[in-house]
Amino acid sequence: MKNHVNIPIFIPHLGCKNMCVFCNQRTISGVCEFDISNVRRIIDDALATVRDGTEVEIAFFGGSFTGIDYNLMISLLEIAYEYIKCGKVTSVRCSTRPDYINEDILTVLKKYGVRAIELGLQSVDEDVLNKTKRGHSFLDEDRACRMIIDYGFELVGQMMIGLPGSTLESEIKTCDFIISKSAKGARIYPTVVFRNTELCELAMAGKYTPLQLEDAIERSAVIYERFRKAHVNVIRVGLCASENLADESTYYGGPNHPALGELVINRVYFNIIKEEVSKLNPKKGDNLLIFVSKGSLSKAIGQNKINKKKLTDIFSPQDISFIETENLNELEVSVGLRERK
Ligand code: SF4
């Protein structure tokens with residue numbers, strides 16, 4: 001399989017007339033101003049670090065790309081398309097909102113080599129959409145997903161965990177909706193509270209409780225595993241380290257951990273292993289054998305061996321051995337027992 005690299009171009013909030021309660025896009029992208037004259041330099045700098053044979057995609061992320069000024073959007077697409085025509089870049093992806101998808105937009109995106117559209121759905125629950133002031137309905141989401149697929153784009157669904165009014169049940173519904181729309185990929189964002197947002201005001205007034213890290217890990221792991229079973233590629237869990245999470249002046253509360261994605265994968269492994277071992281109904285003092293794919297040992301054992309410790313507490317084995325094998329893929333687990341002699 002070819003290596004794949006995204007060259008992200010952040011379009012801060014320019015495209016969005018909304019102000020979702022959780023969003024301070026200028027804070028998230030770390031960019032206040034946008035200067036189109038920098039775009040070629042960003043792309044060239046990134047290309048200079050890419051090895052031959054790598055599949056390169058220009059990614060217009062940040063605000064709502066298809067909602068920015070039309071001429072600016074075309075100018076950006078034209079720049080990207082120049083790189084596609086000379087073979088330096090394979091394709092383009094962009095992120096946007098469901099209500100900024102229509103036939104004209106999709107026709108233009110197709111013309112300029114856009115391959116994938118990442119749709120910020122966040123939730124399919126109308127109550128959550130209202131409480132977060134998303135400014136669109138579930139029907140907008142349904143229509144946009146259908147159109148994106150009908151036009152032959154790759155769909156990536158972005159969803160959030162722990163929004164106001166959201167529960168694990170509603171998050172599972174959002175996950176299942178994304179799966180049902182034949183999405184190729186998904187991003188899972190546990191809700192982080194940034195300063196200068198309405199969500200921060202709600203949190204300070206005691207009207208919203210930010211997710212604890214542990215809840216964010218468990219809920220994200222449940223959603224991750226659901227996507228995995230449906231063969232939807234989870235591209236990312238949590239915001240990037242560059243997204244000002246460490247900065248006290250922008251971050252207020254919520255699950256803020258530099259390795260959140262890793263912790264979620266550790267938890268997915270734990271949940272799978274626990275389920276598989278339970279089926280074996282082991283006796284106290286048995287030896288547990290846990291087989292995982294090559295390179296997955298540390299993810300399966302967990303940070304600070306947390307998974308091993310928890311499995312020991314639950315099943316009281318004499319010993320647990322984690323063994324790598326060529327015969328399994330990532331996040332596949334096989335378990336066995338060796339009875340105590
Ligand atoms: S739609 Fe996106 S960019 Fe616009 S306010 Fe909401 S989260 Fe921010």
# chains A, B, ... in the order shown; residues from 1 in each chain; ligands from 1

$ residues_around --residues "A:Asp140" --least-positions-apart "4" --cutoff "8 Å" --atoms "only C-alpha atoms" --output "PyMOL selection string"
chain A and resi 98-99+136+144

$ write_last_selection --atoms "N, CA and C atoms" --output "PDB file, in the first residue's frame"
ATOM      1  N   PRO A  98     -23.147  20.169   6.601  1.00  0.00           N
ATOM      2  CA  PRO A  98     -24.192  19.576   5.755  1.00  0.00           C
ATOM      3  C   PRO A  98     -24.993  20.616   4.949  1.00  0.00           C
ATOM      4  N   ASP A  99     -25.243  21.785   5.533  1.00  0.00           N
ATOM      5  CA  ASP A  99     -26.079  22.748   4.804  1.00  0.00           C
ATOM      6  C   ASP A  99     -25.277  23.558   3.782  1.00  0.00           C
ATOM      7  N   HIS A 136     -28.379  23.560  11.644  1.00  0.00           N
ATOM      8  CA  HIS A 136     -28.935  22.689  10.604  1.00  0.00           C
ATOM      9  C   HIS A 136     -29.636  21.529  11.287  1.00  0.00           C
ATOM     10  N   ALA A 144     -27.283  15.711   2.671  1.00  0.00           N
ATOM     11  CA  ALA A 144     -25.900  15.982   2.266  1.00  0.00           C
ATOM     12  C   ALA A 144     -25.121  14.682   2.077  1.00  0.00           C
TER      13      ALA A 144
END

$ select_by_dssp --residues "stretch 160-310 of chain A" --states "alpha helix (DSSP H)" --output "JSON, numbers by chain"
{"A": [168, 169, 170, 171, 172, 173, 174, 175, 176, 177, 178, 179, 180, 198, 199, 200, 201, 202, 203, 204, 213, 214, 215, 216, 217, 218, 219, 220, 221, 222, 223, 224, 225, 226, 227, 228, 229, 260, 261, 262, 263, 264, 265, 266, 267, 268, 269, 270, 271, 272, 273, 274, 275, 276, 277, 278, 279, 280, 297, 298, 299, 300, 301, 306, 307, 308, 309, 310]}

$ residues_near_ligand --ligand "ligand 1" --cutoff "10 Å" --atoms "only C-alpha atoms and all ligand atoms" --output "PDB file with C-alpha atoms, in the first residue's frame"
ATOM      1  CA  ILE A  11      -9.266  28.035   6.442  1.00  0.00           C
ATOM      2  CA  PRO A  12     -10.172  29.667   9.738  1.00  0.00           C
ATOM      3  CA  HIS A  13     -13.865  30.270  10.270  1.00  0.00           C
ATOM      4  CA  LEU A  14     -14.059  32.247   7.033  1.00  0.00           C
ATOM      5  CA  GLY A  15     -16.695  29.990   5.619  1.00  0.00           C
ATOM      6  CA  CYS A  16     -19.019  29.845   8.515  1.00  0.00           C
ATOM      7  CA  LYS A  17     -21.791  32.223   9.464  1.00  0.00           C
ATOM      8  CA  ASN A  18     -22.689  30.072  12.434  1.00  0.00           C
ATOM      9  CA  MET A  19     -21.276  30.016  15.902  1.00  0.00           C
ATOM     10  CA  CYS A  20     -21.773  26.559  17.323  1.00  0.00           C
ATOM     11  CA  VAL A  21     -21.539  26.766  21.094  1.00  0.00           C
ATOM     12  CA  PHE A  22     -18.344  24.686  21.200  1.00  0.00           C
ATOM     13  CA  CYS A  23     -16.561  26.402  18.337  1.00  0.00           C
ATOM     14  CA  ASN A  24     -13.900  28.981  18.409  1.00  0.00           C
ATOM     15  CA  GLN A  25     -12.340  28.124  15.075  1.00  0.00           C
ATOM     16  CA  ARG A  26      -9.684  30.783  15.351  1.00  0.00           C
ATOM     17  CA  ILE A  28      -8.727  25.603  17.208  1.00  0.00           C
ATOM     18  CA  PHE A  61      -9.627  22.021   6.711  1.00  0.00           C
ATOM     19  CA  GLY A  62     -10.669  24.409   9.443  1.00  0.00           C
ATOM     20  CA  GLY A  63     -13.916  26.238   8.820  1.00  0.00           C
ATOM     21  CA  SER A  64     -16.497  25.228   6.257  1.00  0.00           C
ATOM     22  CA  PHE A  65     -14.672  25.156   2.954  1.00  0.00           C
ATOM     23  CA  GLY A  67     -19.220  28.097   2.566  1.00  0.00           C
ATOM     24  CA  SER A  95     -14.267  19.669   5.354  1.00  0.00           C
ATOM     25  CA  THR A  96     -17.615  21.394   5.483  1.00  0.00           C
ATOM     26  CA  ARG A  97     -21.117  21.459   6.976  1.00  0.00           C
ATOM     27  CA  PRO A  98     -24.192  19.576   5.755  1.00  0.00           C
ATOM     28  CA  ASP A  99     -26.079  22.748   4.804  1.00  0.00           C
ATOM     29  CA  TYR A 100     -23.200  23.908   2.579  1.00  0.00           C
ATOM     30  CA  LEU A 119     -18.775  16.333   6.778  1.00  0.00           C
ATOM     31  CA  GLY A 120     -19.066  17.841  10.239  1.00  0.00           C
ATOM     32  CA  LEU A 121     -22.199  16.110  11.488  1.00  0.00           C
ATOM     33  CA  GLN A 122     -21.311  16.076  15.186  1.00  0.00           C
ATOM     34  CA  THR A 132     -25.235  23.247  20.359  1.00  0.00           C
ATOM     35  CA  LYS A 133     -26.742  25.806  17.930  1.00  0.00           C
ATOM     36  CA  ARG A 134     -25.524  23.924  14.894  1.00  0.00           C
ATOM     37  CA  GLY A 135     -27.967  25.746  12.650  1.00  0.00           C
ATOM     38  CA  HIS A 136     -28.935  22.689  10.604  1.00  0.00           C
TER      39      HIS A 136
END

$ residues_around --residues "stretch 328-330 of chain A" --least-positions-apart "4" --cutoff "7 Å" --atoms "only C-alpha atoms" --output "VMD selection string"
chain A and resid 292 to 293 296

$ residues_around --residues "A:Arg187" --least-positions-apart "5" --cutoff "12 Å" --atoms "only C-alpha atoms" --output "VMD selection string"
chain A and resid 95 118 to 122 155 to 161 174 to 175 178 220 223 to 224 227 232 to 240 261

$ write_last_selection --atoms "C-alpha atoms" --output "PDB file, in the first residue's frame"
ATOM      1  CA  SER A  95     -14.267  19.669   5.354  1.00  0.00           C
ATOM      2  CA  GLU A 118     -15.399  15.395   5.421  1.00  0.00           C
ATOM      3  CA  LEU A 119     -18.775  16.333   6.778  1.00  0.00           C
ATOM      4  CA  GLY A 120     -19.066  17.841  10.239  1.00  0.00           C
ATOM      5  CA  LEU A 121     -22.199  16.110  11.488  1.00  0.00           C
ATOM      6  CA  GLN A 122     -21.311  16.076  15.186  1.00  0.00           C
ATOM      7  CA  LEU A 155     -17.548  10.503   2.605  1.00  0.00           C
ATOM      8  CA  VAL A 156     -15.897  10.999   5.981  1.00  0.00           C
ATOM      9  CA  GLY A 157     -18.215  11.639   8.927  1.00  0.00           C
ATOM     10  CA  GLN A 158     -17.006  13.781  11.797  1.00  0.00           C
ATOM     11  CA  MET A 159     -18.792  13.322  15.105  1.00  0.00           C
ATOM     12  CA  MET A 160     -18.411  14.605  18.640  1.00  0.00           C
ATOM     13  CA  ILE A 161     -18.621  12.916  22.010  1.00  0.00           C
ATOM     14  CA  THR A 174     -24.701   9.091  15.099  1.00  0.00           C
ATOM     15  CA  CYS A 175     -22.058   6.423  14.553  1.00  0.00           C
ATOM     16  CA  ILE A 178     -22.419   7.457   9.446  1.00  0.00           C
ATOM     17  CA  SER A 220     -14.899   7.078  22.217  1.00  0.00           C
ATOM     18  CA  ILE A 223     -17.782   4.297  19.001  1.00  0.00           C
ATOM     19  CA  TYR A 224     -14.352   3.411  17.597  1.00  0.00           C
ATOM     20  CA  PHE A 227     -16.801   1.841  13.261  1.00  0.00           C
ATOM     21  CA  VAL A 232     -15.124   2.390   8.579  1.00  0.00           C
ATOM     22  CA  ASN A 233     -11.601   3.720   8.983  1.00  0.00           C
ATOM     23  CA  VAL A 234     -11.257   5.934  12.066  1.00  0.00           C
ATOM     24  CA  ILE A 235      -8.823   8.567  10.833  1.00  0.00           C
ATOM     25  CA  ARG A 236      -8.416  10.330  14.121  1.00  0.00           C
ATOM     26  CA  VAL A 237      -9.647  10.532  17.709  1.00  0.00           C
ATOM     27  CA  GLY A 238      -9.317  13.910  19.414  1.00  0.00           C
ATOM     28  CA  LEU A 239      -7.880  17.201  18.294  1.00  0.00           C
ATOM     29  CA  CYS A 240      -4.289  17.516  17.067  1.00  0.00           C
ATOM     30  CA  GLY A 261      -6.160   8.689  20.535  1.00  0.00           C
TER      31      GLY A 261
END
